[in-house]
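Asker: Got a structure for you, final.cif, holding mmCIF, C-alpha atoms and all ligand atoms.
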data_entry
#
loop_
_atom_site.group_PDB
_atom_site.id
_atom_site.type_symbol
_atom_site.label_atom_id
_atom_site.label_comp_id
_atom_site.auth_asym_id
_atom_site.auth_seq_id
_atom_site.Cartn_x
_atom_site.Cartn_y
_atom_site.Cartn_z
ATOM 1 C CA MET A 1 177.654 81.200 -113.955
ATOM 2 C CA LYS A 2 181.371 81.778 -114.275
ATOM 3 C CA PHE A 3 183.632 79.033 -115.623
ATOM 4 C CA SER A 4 186.987 80.341 -114.466
ATOM 5 C CA ALA A 5 190.030 78.081 -114.611
ATOM 6 C CA LEU A 6 189.900 77.970 -110.810
ATOM 7 C CA SER A 7 186.223 76.916 -110.667
ATOM 8 C CA ILE A 8 186.801 74.221 -113.323
ATOM 9 C CA ALA A 9 189.802 72.872 -111.374
ATOM 10 C CA ARG A 10 187.904 72.976 -108.069
ATOM 11 C CA ASN A 11 184.890 71.173 -109.535
ATOM 12 C CA ALA A 12 187.109 68.609 -111.219
ATOM 13 C CA LEU A 13 188.431 67.673 -107.766
ATOM 14 C CA SER A 14 184.885 67.007 -106.547
ATOM 15 C CA GLY A 15 184.018 64.874 -109.580
ATOM 16 C CA HIS A 16 181.885 67.662 -111.166
ATOM 17 C CA ALA A 17 179.095 66.767 -108.736
ATOM 18 C CA LYS A 18 178.862 70.197 -107.133
ATOM 19 C CA TRP A 19 178.172 72.497 -110.081
ATOM 20 C CA PRO A 20 174.995 74.493 -109.471
ATOM 21 C CA ARG A 21 172.011 73.949 -111.815
ATOM 22 C CA GLN A 22 172.588 75.779 -115.102
ATOM 23 C CA TRP A 23 168.986 76.815 -115.802
ATOM 24 C CA ARG A 24 166.109 78.553 -114.074
ATOM 25 C CA SER A 25 162.726 76.964 -113.329
ATOM 26 C CA PRO A 26 160.457 79.992 -112.855
ATOM 27 C CA GLU A 27 156.751 79.819 -112.207
ATOM 28 C CA PRO A 28 154.797 79.966 -115.517
ATOM 29 C CA LYS A 29 153.274 83.304 -116.492
ATOM 30 C CA SER A 30 149.688 83.651 -117.712
ATOM 31 C CA SER A 31 150.791 84.438 -121.281
ATOM 32 C CA TYR A 32 153.828 84.437 -123.591
ATOM 33 C CA ASP A 33 154.615 85.789 -127.036
ATOM 34 C CA ALA A 34 155.946 82.366 -127.977
ATOM 35 C CA ILE A 35 155.987 78.972 -126.285
ATOM 36 C CA ILE A 36 158.531 76.417 -127.431
ATOM 37 C CA VAL A 37 158.140 72.817 -126.361
ATOM 38 C CA GLY A 38 161.464 71.036 -125.968
ATOM 39 C CA ALA A 39 164.822 72.527 -125.006
ATOM 40 C CA GLY A 40 166.992 70.594 -127.404
ATOM 41 C CA GLY A 41 169.246 72.290 -129.943
ATOM 42 C CA HIS A 42 166.302 73.223 -132.139
ATOM 43 C CA GLY A 43 164.108 74.591 -129.350
ATOM 44 C CA LEU A 44 166.919 76.628 -127.822
ATOM 45 C CA GLY A 45 168.054 77.805 -131.265
ATOM 46 C CA THR A 46 164.508 78.927 -132.064
ATOM 47 C CA ALA A 47 164.271 80.844 -128.775
ATOM 48 C CA TYR A 48 167.650 82.427 -129.445
ATOM 49 C CA TYR A 49 166.661 83.635 -132.929
ATOM 50 C CA LEU A 50 163.251 84.888 -131.795
ATOM 51 C CA ALA A 51 165.012 86.962 -129.145
ATOM 52 C CA LYS A 52 168.006 88.059 -131.184
ATOM 53 C CA GLU A 53 166.546 88.608 -134.645
ATOM 54 C CA HIS A 54 162.888 89.324 -133.870
ATOM 55 C CA GLY A 55 163.148 91.172 -130.575
ATOM 56 C CA LEU A 56 160.813 88.859 -128.616
ATOM 57 C CA ARG A 57 161.501 89.006 -124.886
ATOM 58 C CA ASN A 58 158.630 86.989 -123.447
ATOM 59 C CA ILE A 59 159.395 83.438 -124.565
ATOM 60 C CA ALA A 60 158.884 80.203 -122.650
ATOM 61 C CA VAL A 61 160.919 77.108 -123.408
ATOM 62 C CA ILE A 62 159.225 74.143 -121.774
ATOM 63 C CA GLU A 63 161.383 71.115 -121.126
ATOM 64 C CA LYS A 64 160.295 67.934 -119.397
ATOM 65 C CA GLY A 65 163.862 66.892 -118.563
ATOM 66 C CA TRP A 66 166.979 69.036 -118.537
ATOM 67 C CA LEU A 67 168.321 71.420 -121.184
ATOM 68 C CA GLY A 68 169.896 69.606 -124.079
ATOM 69 C CA GLY A 69 169.144 66.255 -122.433
ATOM 70 C CA GLY A 70 167.346 64.800 -125.441
ATOM 71 C CA ASN A 71 168.952 63.714 -128.688
ATOM 72 C CA THR A 72 171.125 66.814 -128.685
ATOM 73 C CA GLY A 73 172.880 65.675 -125.505
ATOM 74 C CA ARG A 74 173.038 62.022 -126.537
ATOM 75 C CA ASN A 75 173.935 62.075 -130.218
ATOM 76 C CA THR A 76 175.224 65.441 -131.308
ATOM 77 C CA THR A 77 178.804 64.535 -130.561
ATOM 78 C CA ILE A 78 180.402 65.952 -133.676
ATOM 79 C CA ILE A 79 179.845 69.549 -134.685
ATOM 80 C CA ARG A 80 180.592 69.132 -138.359
ATOM 81 C CA SER A 81 179.539 70.263 -141.813
ATOM 82 C CA ASN A 82 180.752 67.406 -143.979
ATOM 83 C CA TYR A 83 177.262 66.405 -145.074
ATOM 84 C CA LEU A 84 176.471 65.574 -148.668
ATOM 85 C CA TYR A 85 173.727 67.629 -150.222
ATOM 86 C CA ASP A 86 174.131 70.978 -151.974
ATOM 87 C CA GLU A 87 170.900 72.278 -150.427
ATOM 88 C CA SER A 88 172.147 71.853 -146.843
ATOM 89 C CA ALA A 89 175.912 72.397 -147.207
ATOM 90 C CA GLY A 90 175.732 76.159 -146.689
ATOM 91 C CA ILE A 91 173.579 76.053 -143.573
ATOM 92 C CA TYR A 92 175.740 73.362 -141.922
ATOM 93 C CA ASP A 93 178.933 75.268 -142.640
ATOM 94 C CA HIS A 94 177.353 78.446 -141.286
ATOM 95 C CA ALA A 95 176.253 76.555 -138.146
ATOM 96 C CA VAL A 96 179.727 75.130 -137.504
ATOM 97 C CA LYS A 97 181.309 78.574 -137.840
ATOM 98 C CA MET A 98 178.793 80.001 -135.339
ATOM 99 C CA TRP A 99 180.199 77.753 -132.588
ATOM 100 C CA ALA A 100 183.497 79.664 -132.668
ATOM 101 C CA THR A 101 181.866 82.778 -131.130
ATOM 102 C CA LEU A 102 178.824 81.228 -129.449
ATOM 103 C CA SER A 103 180.306 81.416 -125.928
ATOM 104 C CA GLN A 104 180.812 85.176 -126.272
ATOM 105 C CA GLU A 105 177.463 85.589 -127.998
ATOM 106 C CA LEU A 106 175.546 83.829 -125.216
ATOM 107 C CA ASN A 107 177.896 84.845 -122.404
ATOM 108 C CA TYR A 108 177.872 81.161 -121.477
ATOM 109 C CA ASN A 109 180.761 78.747 -121.897
ATOM 110 C CA VAL A 110 179.658 76.160 -124.461
ATOM 111 C CA MET A 111 183.092 74.510 -124.087
ATOM 112 C CA TYR A 112 183.712 74.510 -127.812
ATOM 113 C CA SER A 113 187.141 73.151 -128.692
ATOM 114 C CA PRO A 114 187.760 72.777 -132.434
ATOM 115 C CA ARG A 115 189.461 69.610 -133.724
ATOM 116 C CA GLY A 116 189.616 67.798 -137.023
ATOM 117 C CA VAL A 117 187.455 64.761 -137.643
ATOM 118 C CA LEU A 118 188.948 61.733 -139.374
ATOM 119 C CA MET A 119 186.566 59.197 -140.835
ATOM 120 C CA LEU A 120 187.751 55.782 -141.965
ATOM 121 C CA ALA A 121 186.522 53.997 -145.077
ATOM 122 C CA HIS A 122 186.560 50.247 -144.421
ATOM 123 C CA THR A 123 185.222 48.830 -147.665
ATOM 124 C CA ILE A 124 185.244 49.753 -151.312
ATOM 125 C CA HIS A 125 181.665 51.003 -150.815
ATOM 126 C CA ASP A 126 182.771 53.215 -147.920
ATOM 127 C CA VAL A 127 185.539 54.567 -150.136
ATOM 128 C CA GLN A 128 183.086 55.448 -152.901
ATOM 129 C CA SER A 129 180.671 57.101 -150.481
ATOM 130 C CA ALA A 130 183.420 58.999 -148.600
ATOM 131 C CA GLN A 131 184.965 60.268 -151.828
ATOM 132 C CA ARG A 132 181.542 61.445 -153.001
ATOM 133 C CA HIS A 133 181.120 63.380 -149.735
ATOM 134 C CA VAL A 134 184.614 64.865 -149.890
ATOM 135 C CA TYR A 135 184.301 66.056 -153.484
ATOM 136 C CA ALA A 136 180.752 67.396 -152.935
ATOM 137 C CA ASN A 137 181.955 69.295 -149.836
ATOM 138 C CA ARG A 138 184.913 70.773 -151.653
ATOM 139 C CA LEU A 139 182.680 71.976 -154.486
ATOM 140 C CA ASN A 140 180.574 73.737 -151.827
ATOM 141 C CA GLY A 141 183.621 75.344 -150.197
ATOM 142 C CA VAL A 142 183.452 73.077 -147.099
ATOM 143 C CA ASP A 143 186.904 72.118 -145.818
ATOM 144 C CA ASN A 144 187.362 68.389 -146.415
ATOM 145 C CA GLU A 145 190.155 66.234 -147.743
ATOM 146 C CA TRP A 146 190.517 62.664 -149.012
ATOM 147 C CA LEU A 147 193.628 61.164 -147.427
ATOM 148 C CA THR A 148 195.484 58.121 -148.719
ATOM 149 C CA PRO A 149 198.897 56.674 -148.024
ATOM 150 C CA ASP A 150 201.531 57.572 -150.595
ATOM 151 C CA ARG A 151 201.033 54.615 -152.906
ATOM 152 C CA SER A 152 203.865 55.715 -155.185
ATOM 153 C CA LEU A 153 206.470 54.702 -152.554
ATOM 154 C CA ILE A 154 205.226 51.174 -151.972
ATOM 155 C CA ASP A 155 206.809 48.288 -153.825
ATOM 156 C CA VAL A 156 204.080 45.866 -154.868
ATOM 157 C CA LEU A 157 204.699 42.446 -156.313
ATOM 158 C CA VAL A 158 201.767 40.899 -158.141
ATOM 159 C CA ILE A 159 201.937 37.133 -158.171
ATOM 160 C CA ASN A 160 199.623 34.965 -160.152
ATOM 161 C CA GLY A 161 199.205 31.679 -158.359
ATOM 162 C CA SER A 162 196.945 30.445 -161.096
ATOM 163 C CA THR A 163 198.316 27.964 -163.614
ATOM 164 C CA ARG A 164 196.264 29.666 -166.307
ATOM 165 C CA GLY A 165 197.775 33.122 -165.675
ATOM 166 C CA GLU A 166 194.971 35.141 -167.207
ATOM 167 C CA ARG A 167 194.349 37.548 -164.279
ATOM 168 C CA LEU A 168 197.776 39.159 -163.912
ATOM 169 C CA GLU A 169 197.637 42.115 -166.324
ATOM 170 C CA PRO A 170 194.249 43.521 -165.248
ATOM 171 C CA ALA A 171 195.389 43.455 -161.610
ATOM 172 C CA ILE A 172 198.581 45.369 -162.426
ATOM 173 C CA ASP A 173 196.647 47.924 -164.476
ATOM 174 C CA GLN A 174 194.182 48.367 -161.620
ATOM 175 C CA LEU A 175 196.986 49.137 -159.158
ATOM 176 C CA LEU A 176 198.703 51.541 -161.566
ATOM 177 C CA GLU A 177 195.410 53.360 -161.991
ATOM 178 C CA ALA A 178 195.071 53.592 -158.193
ATOM 179 C CA GLY A 179 198.411 55.439 -158.046
ATOM 180 C CA TYR A 180 200.993 52.733 -157.334
ATOM 181 C CA THR A 181 204.114 53.191 -159.470
ATOM 182 C CA ILE A 182 206.338 50.323 -158.331
ATOM 183 C CA VAL A 183 204.307 47.350 -159.471
ATOM 184 C CA ARG A 184 206.029 44.204 -160.671
ATOM 185 C CA GLY A 185 204.360 41.079 -161.902
ATOM 186 C CA VAL A 186 205.490 37.473 -161.558
ATOM 187 C CA VAL A 187 203.519 34.592 -162.986
ATOM 188 C CA GLY A 188 203.840 31.741 -160.560
ATOM 189 C CA ALA A 189 202.527 28.210 -160.635
ATOM 190 C CA VAL A 190 201.277 27.776 -157.086
ATOM 191 C CA GLN A 191 197.609 27.020 -156.506
ATOM 192 C CA THR A 192 195.615 28.658 -153.716
ATOM 193 C CA ALA A 193 191.961 29.222 -153.034
ATOM 194 C CA ASP A 194 191.790 32.977 -152.400
ATOM 195 C CA THR A 195 193.337 36.259 -153.402
ATOM 196 C CA VAL A 196 195.384 37.705 -150.543
ATOM 197 C CA VAL A 197 197.580 40.751 -149.909
ATOM 198 C CA TYR A 198 200.707 39.736 -147.971
ATOM 199 C CA PHE A 199 202.617 42.408 -146.052
ATOM 200 C CA LEU A 200 206.340 42.458 -145.292
ATOM 201 C CA ASP A 201 206.008 43.422 -141.614
ATOM 202 C CA GLU A 202 203.605 45.212 -139.272
ATOM 203 C CA THR A 203 204.686 48.601 -140.657
ATOM 204 C CA PHE A 204 202.865 47.682 -143.861
ATOM 205 C CA ARG A 205 199.677 46.280 -142.322
ATOM 206 C CA GLY A 206 197.745 49.531 -142.978
ATOM 207 C CA ALA A 207 199.143 49.801 -146.508
ATOM 208 C CA ALA A 208 198.110 46.177 -147.098
ATOM 209 C CA GLU A 209 194.540 47.023 -146.068
ATOM 210 C CA VAL A 210 194.515 49.957 -148.479
ATOM 211 C CA LEU A 211 195.930 47.819 -151.287
ATOM 212 C CA ALA A 212 193.287 45.184 -150.594
ATOM 213 C CA LEU A 213 190.588 47.843 -151.063
ATOM 214 C CA ASP A 214 192.347 49.136 -154.176
ATOM 215 C CA ALA A 215 192.286 45.609 -155.581
ATOM 216 C CA GLY A 216 188.566 45.181 -154.901
ATOM 217 C CA LEU A 217 189.043 42.986 -151.820
ATOM 218 C CA THR A 218 188.221 43.746 -148.186
ATOM 219 C CA VAL A 219 190.509 44.841 -145.356
ATOM 220 C CA ALA A 220 190.296 41.282 -144.012
ATOM 221 C CA ASP A 221 192.003 39.823 -147.100
ATOM 222 C CA ILE A 222 195.518 40.408 -145.809
ATOM 223 C CA ALA A 223 198.113 38.215 -144.116
ATOM 224 C CA PRO A 224 201.767 38.435 -143.035
ATOM 225 C CA PHE A 225 204.482 37.314 -145.438
ATOM 226 C CA GLU A 226 205.299 34.278 -143.310
ATOM 227 C CA ASP A 227 201.927 32.846 -144.342
ATOM 228 C CA ALA A 228 202.626 33.415 -148.048
ATOM 229 C CA PRO A 229 203.387 30.512 -150.386
ATOM 230 C CA PRO A 230 207.049 30.254 -151.411
ATOM 231 C CA VAL A 231 207.125 32.240 -154.643
ATOM 232 C CA ALA A 232 209.893 34.064 -156.495
ATOM 233 C CA GLY A 233 210.532 37.734 -155.707
ATOM 234 C CA ARG A 234 208.655 37.906 -152.393
ATOM 235 C CA GLY A 235 211.791 38.809 -150.442
ATOM 236 C CA THR A 236 212.163 42.152 -152.222
ATOM 237 C CA ALA A 237 208.566 43.411 -152.068
ATOM 238 C CA GLN A 238 206.817 45.320 -149.283
ATOM 239 C CA LEU A 239 203.401 44.108 -150.340
ATOM 240 C CA MET A 240 202.444 41.154 -152.466
ATOM 241 C CA LEU A 241 199.102 40.795 -154.192
ATOM 242 C CA TYR A 242 198.744 37.055 -154.513
ATOM 243 C CA LEU A 243 195.956 36.438 -156.974
ATOM 244 C CA GLY A 244 195.631 32.751 -156.259
ATOM 245 C CA GLY A 245 192.611 30.945 -157.585
ATOM 246 C CA SER A 246 192.762 28.419 -160.360
HETATM 247 C C1 LIG B 1 172.669 58.102 -133.671
HETATM 248 C C2 LIG B 1 172.639 59.584 -133.969
HETATM 249 C C3 LIG B 1 173.835 60.261 -134.131
HETATM 250 C C4 LIG B 1 173.836 61.620 -134.400
HETATM 251 N N1 LIG B 1 175.034 62.272 -134.526
HETATM 252 C C5 LIG B 1 175.069 63.615 -134.714
HETATM 253 C C6 LIG B 1 176.309 64.317 -134.775
HETATM 254 O O1 LIG B 1 177.385 63.749 -134.630
HETATM 255 N N2 LIG B 1 176.261 65.654 -134.994
HETATM 256 C C7 LIG B 1 175.069 66.340 -135.144
HETATM 257 O O2 LIG B 1 175.100 67.555 -135.325
HETATM 258 N N3 LIG B 1 173.889 65.687 -135.089
HETATM 259 C C8 LIG B 1 173.839 64.363 -134.866
HETATM 260 N N4 LIG B 1 172.629 63.706 -134.807
HETATM 261 C C9 LIG B 1 171.392 64.467 -134.985
HETATM 262 C C10 LIG B 1 171.062 65.285 -133.744
HETATM 263 O O3 LIG B 1 171.260 64.527 -132.576
HETATM 264 C C11 LIG B 1 169.594 65.743 -133.826
HETATM 265 O O4 LIG B 1 169.329 66.311 -135.090
HETATM 266 C C12 LIG B 1 169.316 66.831 -132.799
HETATM 267 O O5 LIG B 1 169.724 66.426 -131.520
HETATM 268 C C13 LIG B 1 167.819 67.135 -132.781
HETATM 269 O O6 LIG B 1 167.610 68.179 -131.861
HETATM 270 P P1 LIG B 1 166.167 68.528 -131.395
HETATM 271 O O7 LIG B 1 166.261 69.793 -130.583
HETATM 272 O O8 LIG B 1 165.212 68.537 -132.552
HETATM 273 O O9 LIG B 1 165.724 67.270 -130.506
HETATM 274 P P2 LIG B 1 166.190 66.846 -128.990
HETATM 275 O O10 LIG B 1 167.602 67.212 -128.682
HETATM 276 O O11 LIG B 1 165.800 65.419 -128.817
HETATM 277 O O12 LIG B 1 165.269 67.772 -128.075
HETATM 278 C C14 LIG B 1 163.899 67.518 -127.873
HETATM 279 C C15 LIG B 1 163.616 67.900 -126.429
HETATM 280 O O13 LIG B 1 162.206 67.945 -126.253
HETATM 281 C C16 LIG B 1 161.898 67.446 -124.959
HETATM 282 N N5 LIG B 1 160.482 67.065 -125.001
HETATM 283 C C17 LIG B 1 159.916 66.129 -125.780
HETATM 284 N N6 LIG B 1 158.596 66.088 -125.564
HETATM 285 C C18 LIG B 1 158.332 67.020 -124.626
HETATM 286 C C19 LIG B 1 157.122 67.445 -123.979
HETATM 287 N N7 LIG B 1 155.939 66.900 -124.281
HETATM 288 N N8 LIG B 1 157.218 68.410 -123.039
HETATM 289 C C20 LIG B 1 158.425 68.981 -122.739
HETATM 290 N N9 LIG B 1 159.574 68.620 -123.310
HETATM 291 C C21 LIG B 1 159.530 67.658 -124.259
HETATM 292 C C22 LIG B 1 162.877 66.323 -124.772
HETATM 293 O O14 LIG B 1 163.063 66.024 -123.401
HETATM 294 C C23 LIG B 1 164.156 66.896 -125.408
HETATM 295 O O15 LIG B 1 164.981 67.558 -124.471
HETATM 296 C C24 LIG B 1 172.601 62.330 -134.538
HETATM 297 C C25 LIG B 1 171.401 61.636 -134.389
HETATM 298 C C26 LIG B 1 171.407 60.292 -134.120
HETATM 299 C C27 LIG B 1 170.079 59.585 -133.954
#
Can you turn what I pasted into structure tokens?
Answerer:
Amino acid sequence: MKFSALSIARNALSGHAKWPRQWRSPEPKSSYDAIIVGAGGHGLGTAYYLAKEHGLRNIAVIEKGWLGGGNTGRNTTIIRSNYLYDESAGIYDHAVKMWATLSQELNYNVMYSPRGVLMLAHTIHDVQSAQRHVYANRLNGVDNEWLTPDRSLIDVLVINGSTRGERLEPAIDQLLEAGYTIVRGVVGAVQTADTVVYFLDETFRGAAEVLALDAGLTVADIAPFEDAPPVAGRGTAQLMLYLGGS
């Protein structure tokens, strides 16, 4: 089967309904050197290695549906190697690299098109887990990077709405530790029920979510500045961590 640019364009015009079947359904023989049940990624991979590495030529792969129509076709959407454990890191990285030449190797277009994969951490627990994965991958030589906004450029005003004022310093220290450098504190006297991150305008919505996570809150604990209580200094900050409480 040839996948020329012309054949792909022609089949695109007919809604990809006219491609011929991609596999053979021969009559079974009386005997085989190996019989593999299931033509998912593992079954096909096993057949491939038996043929390539062990010289077997008389192999049957028996599939009740169509090739790759099991979990491999449904779930294996991301060809990746950013898994956690030391024991498996090498084999996953090897497997990902194999895809680059698999079309030539099999003389069959597997339509591999390499991209990056960006995973989002939504909670402090996600952040901890994602960082663990990233650092474990890097130690194993797997390409992975932990991305954060540049906290050092964001002006954060920490307001203590509590009349008691005891929670201001730990919050500032926490933000400095997380990498913010422009952190100013104002002890206010306004009462509110919850701790909230207020953002100057929509440009800072994402940064507000990150700051909320940095401060041990959730991404939902943010609000626009117009909802903020009238406190000193708010007009100059991009983000405001309003500790609130009593
Ligand atoms: C939600 C989810 C997300 C996932 N995401 C990813 C991902 O992003 N990347 C990734 O690499 N992996 C992912 N995985 C894992 C991956 O999908 C599986 O590890 C992989 O598909 C397993 O391949 P397999 O060949 O063992 O099974 P399958 O692909 O399921 O193949 C088994 C085949 O056997 C056939 N079969 C079964 N019984 C018989 C029978 N009696 N006679 C004949 N044929 C039979 C079935 O029809 C099927 O085609 C994900 C898994 C899940 C559940």
Asker: With only C-alpha atoms and all ligand atoms counted, collect every polymer residue having an atom within 7 Å of ligand LIG 1 (chain B); state the result as a ChimeraX atom specification.
Answerer: /A:37-43,62-80
Asker: Nearest to Met98 (chain A) among A:Gly45, A:Leu243, A:Ala237, A:Asn144, with distances taken over only C-alpha atoms: which residue is it?
Answerer: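 Looking only at the distances to Met98 (chain A), the closest residue turns out to be A:Gly45.
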Asker: I'd like the neighbourhood of Asn58 (chain A) as an MDAnalysis selection string, where a residue qualifies if any of its atoms comes within 9 Å (using all atoms listed in the file), though same-chain residues fewer than 2 positions away should be ignored.
Answerer: chainID A and resid 31:35 51 56 60
Asker: At a cut-off of 12 Å, can you tabulate as a tab-separated table every residue of region 35-140 of chain A near region 211-225 of chain A together with its closest atom pair and the distance in Å to one decimal, using all atoms listed in the file and ordering rows by chain then number?
Answerer:
residue	atom	partner	partner_atom	distance
A:Leu120	CA	A:Val219	CA	11.8
A:Ala121	CA	A:Leu213	CA	9.5
A:His122	CA	A:Val219	CA	6.8
A:Thr123	CA	A:Thr218	CA	5.9
A:Ile124	CA	A:Leu213	CA	5.7
A:His125	CA	A:Leu213	CA	9.5
A:Asp126	CA	A:Leu213	CA	10.0
A:Val127	CA	A:Leu213	CA	8.5
A:Gln128	CA	A:Leu213	CA	10.8
Asker: Would you kindly identify which residues have an atom no farther than 6 Å from (197.5, 39.0, -150.1), using only C-alpha atoms and the file's own coordinates, and write them out as an NGL selection string?
Answerer: :A and (195-198 or 222 or 240-242)
Asker: Include C-alpha atoms and write out the residues we just selected as a short mmCIF file (atom, residue, chain, number, x, y, z; two decimals), keeping the file's coordinate frame.
Answerer:
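The resulting out.cif:
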data_model
loop_
_atom_site.label_atom_id
_atom_site.label_comp_id
_atom_site.auth_asym_id
_atom_site.auth_seq_id
_atom_site.Cartn_x
_atom_site.Cartn_y
_atom_site.Cartn_z
CA THR A 195 193.34 36.26 -153.40
CA VAL A 196 195.38 37.70 -150.54
CA VAL A 197 197.58 40.75 -149.91
CA TYR A 198 200.71 39.74 -147.97
CA ILE A 222 195.52 40.41 -145.81
CA MET A 240 202.44 41.15 -152.47
CA LEU A 241 199.10 40.80 -154.19
CA TYR A 242 198.74 37.06 -154.51
#
Asker: Pull out every residue that the PyMOL selection byres (((chain A and resi 110) around 12) and not hetatm) matches in the shown coordinates and put them as number ranges by chain.
Answerer: A: 1-3, 22, 68, 98-109, 111-114
Asker: So the first atom is CA of Leu118 (chain A) and the second is CA of Asp201 (chain A); what is the distance between them in Å, to one decimal place?
Answerer: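 We find that CA of Leu118 (chain A) and CA of Asp201 (chain A) lie 25.1 Å from each other.
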Asker: Mind pulling up the distance from CA of Asn82 (chain A) to CA of Asp143 (chain A)?
Answerer: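 Pair CA of Asp143 (chain A) / CA of Asn82 (chain A) returns 8.0 Å.
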Asker: Go ahead and compute the interatomic distance for CA of Asp173 (chain A) and CA of Val156 (chain A), in Å to one decimal.
Answerer: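 Value for the CA of Asp173 (chain A)-CA of Val156 (chain A) distance: 12.3 Å.
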Asker: Please identify all polymer residues within 9 Å of Arg234 (chain A), counting all atoms listed in the file, omitting same-chain residues fewer than 4 positions from it, and present them as a PyMOL selection string.
Answerer: chain A and resi 157+159+200+225+228+230+238-240
Asker: For a cut-off of 12 Å around (180.6, 67.4, -151.6), file coordinates, pick out all residues using all atoms listed in the file and list them as a short mmCIF file (atom, residue, chain, number, x, y, z; two decimals) with C-alpha atoms, in the frame of the given file.
Answerer:
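The file below, part-v5.cif, is the result:
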data_model
loop_
_atom_site.label_atom_id
_atom_site.label_comp_id
_atom_site.auth_asym_id
_atom_site.auth_seq_id
_atom_site.Cartn_x
_atom_site.Cartn_y
_atom_site.Cartn_z
CA SER A 81 179.54 70.26 -141.81
CA ASN A 82 180.75 67.41 -143.98
CA TYR A 83 177.26 66.40 -145.07
CA LEU A 84 176.47 65.57 -148.67
CA TYR A 85 173.73 67.63 -150.22
CA ASP A 86 174.13 70.98 -151.97
CA GLU A 87 170.90 72.28 -150.43
CA SER A 88 172.15 71.85 -146.84
CA ALA A 89 175.91 72.40 -147.21
CA GLY A 90 175.73 76.16 -146.69
CA SER A 129 180.67 57.10 -150.48
CA ALA A 130 183.42 59.00 -148.60
CA GLN A 131 184.96 60.27 -151.83
CA ARG A 132 181.54 61.44 -153.00
CA HIS A 133 181.12 63.38 -149.74
CA VAL A 134 184.61 64.86 -149.89
CA TYR A 135 184.30 66.06 -153.48
CA ALA A 136 180.75 67.40 -152.94
CA ASN A 137 181.96 69.30 -149.84
CA ARG A 138 184.91 70.77 -151.65
CA LEU A 139 182.68 71.98 -154.49
CA ASN A 140 180.57 73.74 -151.83
CA GLY A 141 183.62 75.34 -150.20
CA VAL A 142 183.45 73.08 -147.10
CA ASP A 143 186.90 72.12 -145.82
CA ASN A 144 187.36 68.39 -146.42
CA GLU A 145 190.16 66.23 -147.74
CA TRP A 146 190.52 62.66 -149.01
#
Asker: Suppose a student applies the PyMOL selection byres (((chain A and resi 207) around 10) and not hetatm) to this structure; what residues should they get, written as a list in words?
Answerer: Thr148, Pro149, Asp150, Arg151, Ile154, Val197, Phe199, Glu202, Thr203, Phe204, Arg205, Gly206, Ala208, Glu209, Val210, Leu211, Ala212, Leu213, Gln238 and Leu239 of chain A
